[in-house]
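Down below is the structure, laid out as structure tokens.
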Amino acid sequence: MGKLIVYMIGALLGLTACSEGVAYQVEGKLSNLTEPTIYAVFESESKKWVDTLECEIDGSFELMKKEGDFQTLTLFFNGRSQWITLFLEPGKKIKLSGDAQYPMLLHLKGGDKMNERLADFRNSSANLWKEQADLKRKIAQAQANPIEEADLMAKLTNTNHQLEEQGVAYIKKHPDEVASLALIQYFFTNPDDTREVDELLPLISPDLRTHFLYAALEEYSARAKRTNIGAEAPTFDVTNIYGKEIDLAQIQDKYVLLAFTAPWCEPDEPVEDPYLKQIAQKYEKEELDLIVVTLDENSGALRQFVCQDSVAWNLVSDSAGQASALIDLYNVNELPRCFLIDKDKKILLKTENNLEIRDALEELFEP
């Protein structure tokens, strides 16, 4: 569970209000908040806007935005560990309340009518949503006990499967409702497997195919297929922290391991990936080119951090947005994530599992 989840947020927030001059307004009252800060993300098809607010002692809050043409608003709370997405309609206030420990079961009224349809769907299986939230909390607390964690993960997988089955049943029964698009987005946007989206989208009524969610799901499917196993690796031309150009098209007659990692130069505790270091030391550069993409923005600090290292790291930082661009190009939604690319520039493997990387490299270079 030591993975850093990269929040590649697909639905971001907007707020609705009836007050004069206010486009979006949300009023809420949440119990069981572990901290008072709420992060609000507004999004349309072309832009995002982020805000933060502090709840009152009783958990109440009000959020207003006077301008913008936004479609969704996602509220993150309890240390950003929990969230809910609201669908917006200008001029229509949204009210929500309930237990912050169970965000999918919050009472919701106003905004786009889809909000209440989705709330009704979730309330029809409230016991499963509650079980899902409880299991996630227990898993977070059980990380020091692998056996207990594995048992909880198995239970969570089963609960998620039951919820997905109910989602599919709703979509098939209501192909003419926008809520069905939201359920496809919530349950089935797996970056490694687009089959469910590809099977369910054709069921949606033609009348909804101009909706922004339909377009977003089509785009998601196309993006995910870009990095399927066997697909041609998306080409790129970037500069490493030493100013050296890295052009994938110019790398010839060797394999490439493209590794996306969390920042190495954290303020409190600089970190490098020990497993990547083992790979860099074990395999010759003539047979494997290891390219590490890190979210560190300061190339100078990164150079200083690795200057005494025995490994000559080929690092790409987020200076000038290079890492962010590659994360988008390769549809990376969590860190770490590695892509093994063959000599013909085809993707052999994509994984966050070090053991899978080890086995694949041993099979290639140690037959």
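Within each chain, counting starts at residue 1; across the structure tokens, chains are named A, B, ... in the order shown, with ligands numbered 1 upward in that order.
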
Tell me which protein, DNA and RNA residues are within 12 Å of Asp253 of chain A, counting only C-alpha atoms, leaving out same-chain ones fewer than 5 positions away, and put them as a list in words.
-> Leu248, Lys285, Glu286, Glu287, Leu288, Asp289, Ile341, Asp342, Lys343, Asp344 and Lys345 of chain A

Lys155 of chain A surroundings by only C-alpha atoms, 8 Å radius, close-in-sequence under 4 positions cut, as a PyMOL selection string = chain A and resi 135+151+159

Now that the selection is made, can you save its residues with C-alpha atoms as a PDB file, in the first residue's frame?
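Result file part-v8.pdb:
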ATOM      1  CA  LEU A 135     -13.018  -1.601   4.796  1.00  0.00           C
ATOM      2  CA  ASP A 151      -7.948 -10.498   4.027  1.00  0.00           C
ATOM      3  CA  THR A 159     -17.807  -5.428  -2.088  1.00  0.00           C
TER       4      THR A 159
END

Report as a tab-separated table: every residue of segment 132-172 of chain A with an atom at most 10 Å from segment 74-87 of chain A, its closest pair of atoms, and their distance in Å to one decimal, counting only C-alpha atoms, with rows sorted by chain and ascending residue number.
residue	atom	partner	partner_atom	distance
A:Ala133	CA	A:Gln82	CA	9.1
A:Lys136	CA	A:Ser81	CA	9.9
A:Arg137	CA	A:Ser81	CA	9.6

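For segment 169-336 of chain A, backbone-based DSSP labels the following residues as strand (DSSP E or B): Asn190, Asp193, Glu232, Asp237, Val238, Thr239, Glu245, Ile246, Asp247, Tyr255, Val256, Leu257, Leu258, Ala259, Phe260, Thr261, Leu288, Asp289, Leu290, Ile291, Val292, Val293, Thr294, Leu315, Val316, Glu334 and Leu335 of chain A.
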
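In this comparison, which uses only C-alpha atoms, the residue of A:Cys307, A:Leu118, A:Ala40, A:Phe365 approaching Glu284 of chain A most closely is A:Phe365.
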
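The two atoms in question, atom CA of Val306 of chain A and atom CA of Glu245 of chain A, are spaced 18.7 Å apart.
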
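The neighbours of Asp318 of chain A here are the residues that come within 12 Å of it, using only C-alpha atoms and leaving out any residue fewer than 4 positions away in the same chain; they are Val238, Thr239, Asn240, Ile241, Phe260, Thr261, Ala262, Pro263, Trp264, Val292, Val293, Thr294, Leu295, Asp296, Glu297, Asn298, Ser299, Gly300, Leu302, Gln322, Ala323, Ser324, Ala325, Leu326 and Ile327 of chain A.
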
Store the residues picked out above in a file with C-alpha atoms, as a PDB file, in the first residue's frame.
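The resulting file, result19.pdb, is shown below:
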ATOM      1  CA  VAL A 238      12.726  15.815 -23.227  1.00  0.00           C
ATOM      2  CA  THR A 239      15.832  17.040 -21.411  1.00  0.00           C
ATOM      3  CA  ASN A 240      17.276  15.395 -18.312  1.00  0.00           C
ATOM      4  CA  ILE A 241      18.496  17.271 -15.234  1.00  0.00           C
ATOM      5  CA  PHE A 260       7.574   7.346 -13.082  1.00  0.00           C
ATOM      6  CA  THR A 261       8.294   8.016  -9.406  1.00  0.00           C
ATOM      7  CA  ALA A 262       7.293  10.264  -6.540  1.00  0.00           C
ATOM      8  CA  PRO A 263       9.552  13.257  -5.768  1.00  0.00           C
ATOM      9  CA  TRP A 264      13.031  12.285  -4.587  1.00  0.00           C
ATOM     10  CA  VAL A 292      13.402   8.001 -14.369  1.00  0.00           C
ATOM     11  CA  VAL A 293      10.667  10.648 -14.409  1.00  0.00           C
ATOM     12  CA  THR A 294      10.184  12.382 -11.061  1.00  0.00           C
ATOM     13  CA  LEU A 295       7.794  15.092  -9.928  1.00  0.00           C
ATOM     14  CA  ASP A 296      10.637  17.131  -8.408  1.00  0.00           C
ATOM     15  CA  GLU A 297      10.497  20.625  -9.918  1.00  0.00           C
ATOM     16  CA  ASN A 298      13.986  21.819  -8.943  1.00  0.00           C
ATOM     17  CA  SER A 299      16.569  20.211 -11.231  1.00  0.00           C
ATOM     18  CA  GLY A 300      19.409  21.866  -9.327  1.00  0.00           C
ATOM     19  CA  LEU A 302      17.949  16.985  -7.696  1.00  0.00           C
ATOM     20  CA  GLN A 322       8.272  17.935 -18.485  1.00  0.00           C
ATOM     21  CA  ALA A 323       7.280  15.255 -15.968  1.00  0.00           C
ATOM     22  CA  SER A 324       3.652  16.403 -15.969  1.00  0.00           C
ATOM     23  CA  ALA A 325       3.563  16.220 -19.763  1.00  0.00           C
ATOM     24  CA  LEU A 326       4.961  12.672 -19.736  1.00  0.00           C
ATOM     25  CA  ILE A 327       2.511  11.627 -17.022  1.00  0.00           C
TER      26      ILE A 327
END

Pull the alpha helix (DSSP H) assignments for segment 197-245 of chain A out of DSSP run on the backbone, and list those residues as JSON, numbers by chain.
-> {"A": [197, 198, 199, 200, 212, 213, 214, 215, 216, 217, 218, 219, 220, 221, 222, 223, 224, 225, 226]}

What lies within 10 Å of Ile357 of chain A using only C-alpha atoms, ignoring chain neighbours under 3 positions off, as a ChimeraX atom specification?
-> /A:257,275-276,279,338-340,349-354,360-363

Given the selection you just returned, output its residues as a file containing C-alpha atoms, formatted as a short mmCIF file (atom, residue, chain, number, x, y, z; two decimals), in the first residue's frame.
data_model
loop_
_atom_site.label_atom_id
_atom_site.label_comp_id
_atom_site.auth_asym_id
_atom_site.auth_seq_id
_atom_site.Cartn_x
_atom_site.Cartn_y
_atom_site.Cartn_z
CA LEU A 257 12.54 1.09 -18.72
CA TYR A 275 14.78 -1.13 -6.44
CA LEU A 276 15.49 1.11 -9.42
CA ILE A 279 18.28 -2.35 -11.77
CA CYS A 338 6.90 1.62 -14.93
CA PHE A 339 6.77 0.90 -18.65
CA LEU A 340 9.12 -1.64 -20.24
CA LEU A 349 4.90 -4.29 -19.59
CA LYS A 350 3.26 -1.59 -17.51
CA THR A 351 3.17 -2.10 -13.78
CA GLU A 352 3.79 -0.64 -10.34
CA ASN A 353 4.95 -4.05 -9.07
CA ASN A 354 8.70 -4.39 -8.57
CA ALA A 360 10.42 -9.44 -16.97
CA LEU A 361 14.02 -8.21 -17.00
CA GLU A 362 15.39 -11.57 -15.90
CA GLU A 363 13.45 -13.27 -18.68
#

Asp198 of chain A environment, 10 Å, only C-alpha atoms, sequence neighbours closer than 3 positions dropped, as a ChimeraX atom specification | /A:188,193-195,201-203,217-218,221

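Shortest separation to Ala119 of chain A among A:Lys29, A:Glu56, A:Glu232, A:Leu105 occurs at residue A:Leu105, atoms counted being only C-alpha atoms.
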
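When only C-alpha atoms are used to measure the gap to Gly243 of chain A, the shortest distance among A:Arg303, A:Lys93, A:His161, A:Lys277 belongs to A:Arg303.
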
Which one is closest to Thr227 of chain A: A:Asp192, A:Glu177, A:Glu148, A:Glu89? Count only C-alpha atoms.
-> A:Asp192

Proximity to Leu30 of chain A - best of A:Ser97, A:Gln185, A:Asn115, A:Thr157, only C-alpha atoms | A:Ser97

Distance of atom CA of Gln143 of chain A from atom CA of Tyr39 of chain A, expressed in Å to one decimal place | 26.3 Å

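The coordinates place atom CA of Glu35 of chain A at 18.0 Å from atom CA of Gln141 of chain A.
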